[in-house]
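Participant: There's a structure below that I have some questions on.
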Amino acid sequence: MAERIPPLYALRAFEVAARSSSFTRAAEELSLTQSAISRHIRNLEALFGCHLFERNGPKLQLTEAGQRLAHGLKTGFKVIEEACLPFRANAEQLRLKAPSSLTMRWLLQSLENLKQVNPDLPVQLSSVWMDIDTVDLHTEPYDCAILLGDGRFGAQVECCKLFDEWLIPICSSQLLGAGPWSLDTLEQHELIHSSTDRRDWRRWLAGMGWEGRARVERGKLFSTLDQGISAAMRGHGVSIGDLYLILEDVRGGLLGLPFRTAVGSGEAYYLVWLKSSLRKERILAFRDFLLGDVPEMDLPGIEFR
């Protein structure tokens, strides 16, 4: 039997790479190198005698055989996860998944605060880049997650809203200048986008009634909110920030607000967990702490739309 089953670590490497469509993100999730992930995939392809991925430059796509294997492994790892869950339910540490920008701009300090007020509630954080925030609590090794979304995470998931996402333009204090900005002023500056689809600028302009009146196709493209904020802070243009996540930088004068209107994206940050979780008591204690540690929105003169 053992000879007929490929190494479990290789199958896990393939399953994560298939789910994330990226060897790089699979390596980050499994704490391996990208070359190790590639080697595991090559070994499986040699063992099975077929290709599991089609590689077209940086783009990674499953073959038909890869799709079949990925579907079966997702089910198989879910069974393994559920079988092991009761045996680790009494472990002290909560395993938390969170998006990287939220982690850097709020969550890391919040977890340090948690250590001070409740050292008996340790949290193991995994900060993960996600273009669209998602988690599969059945197959991924987490007890809970903080995700940006609309509050609909599936029938088997409970959630608690922490704070809404409010989008607002940001720039360096030096770039801000003395006078009020207009749409014409904005057009004179380089735009910074925190995602390749430019969705945050599109949302803010639509909320201002300026949809189609600004050239959102121009500017610099980054893959995370935090990168966009850092570029704006260094004077490379005007970006869109999440108001809750830039409060400290605005208060400290590192960032300026060329416009005082924040537009709601319709999404919010939620703590999510399985309804059937055996760690629920600890998760609820963590939820209560996070709700009490949400940044205070105390910037004067902000209009919310």
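Here, A, B, ... name the chains of the structure tokens in the order displayed, residue numbers run from 1 inside each chain, and ligands are numbered from 1 in the same displayed order.
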Do you know which residues are at most 8 Å from range 166-183 of chain A counting only C-alpha atoms, after dropping those on the same chain fewer than 5 positions away, and could you put them as a PDB file with N, CA and C atoms, in the first residue's frame?

Facilitator:
```
ATOM      1  N   ASP A 200      -9.772  50.179  -6.748  1.00  0.00           N
ATOM      2  CA  ASP A 200      -9.994  51.140  -5.666  1.00  0.00           C
ATOM      3  C   ASP A 200     -10.192  52.554  -6.195  1.00  0.00           C
ATOM      4  N   TRP A 204     -13.639  54.814  -5.798  1.00  0.00           N
ATOM      5  CA  TRP A 204     -13.662  56.137  -5.186  1.00  0.00           C
ATOM      6  C   TRP A 204     -14.203  57.175  -6.159  1.00  0.00           C
ATOM      7  N   ALA A 214     -11.831  60.754 -15.008  1.00  0.00           N
ATOM      8  CA  ALA A 214     -10.397  60.702 -14.695  1.00  0.00           C
ATOM      9  C   ALA A 214      -9.782  59.508 -15.422  1.00  0.00           C
ATOM     10  N   ILE A 229       0.493  52.374  -0.510  1.00  0.00           N
ATOM     11  CA  ILE A 229       0.641  53.373   0.552  1.00  0.00           C
ATOM     12  C   ILE A 229       2.098  53.806   0.679  1.00  0.00           C
ATOM     13  N   ALA A 232       3.098  56.111  -2.174  1.00  0.00           N
ATOM     14  CA  ALA A 232       2.530  57.448  -1.986  1.00  0.00           C
ATOM     15  C   ALA A 232       3.285  58.204  -0.899  1.00  0.00           C
ATOM     16  N   MET A 233       3.627  57.528   0.173  1.00  0.00           N
ATOM     17  CA  MET A 233       4.330  58.160   1.286  1.00  0.00           C
ATOM     18  C   MET A 233       5.676  58.711   0.846  1.00  0.00           C
ATOM     19  N   ARG A 234       6.290  58.058  -0.137  1.00  0.00           N
ATOM     20  CA  ARG A 234       7.602  58.480  -0.618  1.00  0.00           C
ATOM     21  C   ARG A 234       7.525  59.487  -1.768  1.00  0.00           C
ATOM     22  N   GLY A 235       6.314  59.965  -2.046  1.00  0.00           N
ATOM     23  CA  GLY A 235       6.167  61.041  -3.016  1.00  0.00           C
ATOM     24  C   GLY A 235       6.089  60.619  -4.460  1.00  0.00           C
ATOM     25  N   GLY A 237       3.441  59.662  -6.134  1.00  0.00           N
ATOM     26  CA  GLY A 237       2.143  59.875  -6.744  1.00  0.00           C
ATOM     27  C   GLY A 237       1.044  59.865  -5.702  1.00  0.00           C
ATOM     28  N   VAL A 238      -0.199  59.698  -6.191  1.00  0.00           N
ATOM     29  CA  VAL A 238      -1.379  59.696  -5.328  1.00  0.00           C
ATOM     30  C   VAL A 238      -2.004  58.309  -5.374  1.00  0.00           C
ATOM     31  N   SER A 239      -2.180  57.715  -4.223  1.00  0.00           N
ATOM     32  CA  SER A 239      -2.749  56.372  -4.140  1.00  0.00           C
ATOM     33  C   SER A 239      -4.090  56.425  -3.421  1.00  0.00           C
ATOM     34  N   ILE A 240      -4.710  55.265  -3.319  1.00  0.00           N
ATOM     35  CA  ILE A 240      -5.932  55.115  -2.528  1.00  0.00           C
ATOM     36  C   ILE A 240      -5.588  54.295  -1.301  1.00  0.00           C
ATOM     37  N   GLY A 241      -5.986  54.790  -0.135  1.00  0.00           N
ATOM     38  CA  GLY A 241      -5.751  54.065   1.102  1.00  0.00           C
ATOM     39  C   GLY A 241      -7.051  53.687   1.778  1.00  0.00           C
ATOM     40  N   ASP A 242      -6.968  52.713   2.648  1.00  0.00           N
ATOM     41  CA  ASP A 242      -8.085  52.349   3.531  1.00  0.00           C
ATOM     42  C   ASP A 242      -7.958  53.243   4.767  1.00  0.00           C
ATOM     43  N   LEU A 243      -8.959  54.075   5.022  1.00  0.00           N
ATOM     44  CA  LEU A 243      -8.847  55.112   6.039  1.00  0.00           C
ATOM     45  C   LEU A 243      -8.447  54.555   7.398  1.00  0.00           C
ATOM     46  N   TYR A 244      -9.003  53.413   7.788  1.00  0.00           N
ATOM     47  CA  TYR A 244      -8.653  52.836   9.091  1.00  0.00           C
ATOM     48  C   TYR A 244      -7.183  52.428   9.150  1.00  0.00           C
ATOM     49  N   GLY A 253       1.692  62.859  10.225  1.00  0.00           N
ATOM     50  CA  GLY A 253       2.165  63.733   9.168  1.00  0.00           C
ATOM     51  C   GLY A 253       2.916  63.035   8.055  1.00  0.00           C
ATOM     52  N   LEU A 254       2.940  61.698   8.051  1.00  0.00           N
ATOM     53  CA  LEU A 254       3.639  60.969   6.990  1.00  0.00           C
ATOM     54  C   LEU A 254       2.819  60.915   5.708  1.00  0.00           C
ATOM     55  N   LEU A 255       1.511  61.011   5.846  1.00  0.00           N
ATOM     56  CA  LEU A 255       0.609  61.001   4.692  1.00  0.00           C
ATOM     57  C   LEU A 255      -0.315  62.206   4.763  1.00  0.00           C
ATOM     58  N   GLY A 256      -0.670  62.733   3.600  1.00  0.00           N
ATOM     59  CA  GLY A 256      -1.644  63.797   3.516  1.00  0.00           C
ATOM     60  C   GLY A 256      -2.897  63.328   2.802  1.00  0.00           C
ATOM     61  N   LEU A 257      -4.008  64.021   3.043  1.00  0.00           N
ATOM     62  CA  LEU A 257      -5.280  63.703   2.412  1.00  0.00           C
ATOM     63  C   LEU A 257      -5.659  64.842   1.467  1.00  0.00           C
ATOM     64  N   PRO A 258      -5.427  64.671   0.162  1.00  0.00           N
ATOM     65  CA  PRO A 258      -5.775  65.734  -0.789  1.00  0.00           C
ATOM     66  C   PRO A 258      -7.276  65.975  -0.906  1.00  0.00           C
ATOM     67  N   PHE A 259      -8.064  64.981  -0.574  1.00  0.00           N
ATOM     68  CA  PHE A 259      -9.519  65.103  -0.525  1.00  0.00           C
ATOM     69  C   PHE A 259      -9.982  64.621   0.849  1.00  0.00           C
ATOM     70  N   ARG A 260     -11.034  65.214   1.367  1.00  0.00           N
ATOM     71  CA  ARG A 260     -11.521  64.854   2.707  1.00  0.00           C
ATOM     72  C   ARG A 260     -12.774  63.996   2.635  1.00  0.00           C
ATOM     73  N   THR A 261     -13.002  63.350   1.488  1.00  0.00           N
ATOM     74  CA  THR A 261     -14.175  62.488   1.324  1.00  0.00           C
ATOM     75  C   THR A 261     -13.736  61.037   1.215  1.00  0.00           C
ATOM     76  N   ALA A 262     -14.267  60.195   2.103  1.00  0.00           N
ATOM     77  CA  ALA A 262     -14.002  58.755   2.075  1.00  0.00           C
ATOM     78  C   ALA A 262     -15.227  58.040   1.511  1.00  0.00           C
ATOM     79  N   VAL A 263     -14.992  57.121   0.605  1.00  0.00           N
ATOM     80  CA  VAL A 263     -16.072  56.386  -0.059  1.00  0.00           C
ATOM     81  C   VAL A 263     -16.059  54.940   0.423  1.00  0.00           C
ATOM     82  N   GLY A 264     -17.195  54.471   0.867  1.00  0.00           N
ATOM     83  CA  GLY A 264     -17.294  53.081   1.303  1.00  0.00           C
ATOM     84  C   GLY A 264     -17.230  52.129   0.122  1.00  0.00           C
ATOM     85  N   SER A 265     -16.410  51.098   0.251  1.00  0.00           N
ATOM     86  CA  SER A 265     -16.272  50.122  -0.833  1.00  0.00           C
ATOM     87  C   SER A 265     -17.409  49.104  -0.837  1.00  0.00           C
ATOM     88  N   PHE A 304     -18.135  60.986   4.880  1.00  0.00           N
ATOM     89  CA  PHE A 304     -18.257  59.569   4.507  1.00  0.00           C
ATOM     90  C   PHE A 304     -19.409  59.412   3.533  1.00  0.00           C
TER      91      PHE A 304
END
```

Participant: Would you give me, as JSON lines, each residue of range 84-177 of chain A having an atom within 9 Å of an atom of range 280-301 of chain A, along with its shortest atom pair and that distance in Å to one decimal, using only C-alpha atoms and sorting by chain and residue number?

Facilitator:
```
{"residue": "A:Glu92", "atom": "CA", "partner": "A:Arg282", "partner_atom": "CA", "distance": 8.6}
{"residue": "A:Leu94", "atom": "CA", "partner": "A:Ile283", "partner_atom": "CA", "distance": 7.5}
{"residue": "A:Trp106", "atom": "CA", "partner": "A:Pro295", "partner_atom": "CA", "distance": 8.3}
{"residue": "A:Ser110", "atom": "CA", "partner": "A:Asp293", "partner_atom": "CA", "distance": 6.7}
{"residue": "A:Leu111", "atom": "CA", "partner": "A:Leu290", "partner_atom": "CA", "distance": 8.9}
{"residue": "A:Asn113", "atom": "CA", "partner": "A:Asp293", "partner_atom": "CA", "distance": 8.4}
{"residue": "A:Leu114", "atom": "CA", "partner": "A:Phe289", "partner_atom": "CA", "distance": 7.3}
{"residue": "A:Asn118", "atom": "CA", "partner": "A:Phe289", "partner_atom": "CA", "distance": 8.9}
{"residue": "A:Leu121", "atom": "CA", "partner": "A:Arg282", "partner_atom": "CA", "distance": 7.3}
{"residue": "A:Val123", "atom": "CA", "partner": "A:Phe286", "partner_atom": "CA", "distance": 8.8}
{"residue": "A:Asp143", "atom": "CA", "partner": "A:Ile283", "partner_atom": "CA", "distance": 8.0}
{"residue": "A:Cys144", "atom": "CA", "partner": "A:Ile283", "partner_atom": "CA", "distance": 7.4}
{"residue": "A:Cys160", "atom": "CA", "partner": "A:Arg287", "partner_atom": "CA", "distance": 7.5}
{"residue": "A:Lys161", "atom": "CA", "partner": "A:Leu291", "partner_atom": "CA", "distance": 8.5}
{"residue": "A:Leu162", "atom": "CA", "partner": "A:Leu291", "partner_atom": "CA", "distance": 6.0}
{"residue": "A:Phe163", "atom": "CA", "partner": "A:Val294", "partner_atom": "CA", "distance": 7.2}
```

Participant: Next, the residues of the selection above should be written as a compact mmCIF listing (two decimals), in the first residue's frame with N, CA and C atoms.

Facilitator:
```
# COMPACT_ATOMS: atom_id res chain seq x y z
N GLU A 92 -3.39 25.34 22.81
CA GLU A 92 -3.63 26.71 23.26
C GLU A 92 -3.64 27.70 22.11
N LEU A 94 -4.25 29.73 18.78
CA LEU A 94 -5.17 29.91 17.67
C LEU A 94 -4.37 30.16 16.41
N TRP A 106 -2.08 47.12 10.88
CA TRP A 106 -2.90 47.11 12.10
C TRP A 106 -2.69 45.86 12.95
N SER A 110 -1.86 45.00 17.03
CA SER A 110 -3.00 44.51 17.81
C SER A 110 -2.67 43.21 18.53
N LEU A 111 -1.93 42.32 17.85
CA LEU A 111 -1.54 41.06 18.50
C LEU A 111 -0.53 41.30 19.61
N ASN A 113 -0.66 43.95 21.47
CA ASN A 113 -1.53 44.41 22.55
C ASN A 113 -2.22 43.24 23.24
N LEU A 114 -2.59 42.24 22.45
CA LEU A 114 -3.25 41.06 23.01
C LEU A 114 -2.34 40.34 24.00
N ASN A 118 -3.93 39.65 27.52
CA ASN A 118 -4.37 38.26 27.66
C ASN A 118 -3.28 37.32 27.16
N LEU A 121 -3.93 33.71 25.68
CA LEU A 121 -4.60 33.51 24.40
C LEU A 121 -3.61 33.74 23.26
N VAL A 123 -1.76 33.58 19.68
CA VAL A 123 -2.25 33.50 18.30
C VAL A 123 -1.05 33.29 17.38
N ASP A 143 -7.62 28.08 12.28
CA ASP A 143 -8.84 28.03 13.08
C ASP A 143 -9.78 29.17 12.73
N CYS A 144 -9.22 30.29 12.28
CA CYS A 144 -10.01 31.46 11.95
C CYS A 144 -9.21 32.32 10.98
N CYS A 160 -17.82 37.96 12.19
CA CYS A 160 -18.07 39.17 12.97
C CYS A 160 -17.36 40.32 12.28
N LYS A 161 -18.10 41.37 11.96
CA LYS A 161 -17.49 42.53 11.30
C LYS A 161 -16.64 43.31 12.29
N LEU A 162 -15.41 43.62 11.88
CA LEU A 162 -14.50 44.40 12.71
C LEU A 162 -14.57 45.88 12.36
N PHE A 163 -14.39 46.21 11.08
CA PHE A 163 -14.56 47.59 10.64
C PHE A 163 -14.71 47.63 9.13
```

Participant: List the spatial neighbours of Gly49 in chain A as a ChimeraX atom specification - criterion: any atom at most 12 Å away, only C-alpha atoms, same-chain residues fewer than 5 positions off excluded.

Facilitator: /A:41-44,65-66

Participant: When distances are computed from only C-alpha atoms, which of A:His138, A:Arg12, A:Lys97, A:Arg215 shows the smallest separation from Leu69 in chain A?

Facilitator: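 Closest residue, counting only C-alpha atoms: A:Arg12.
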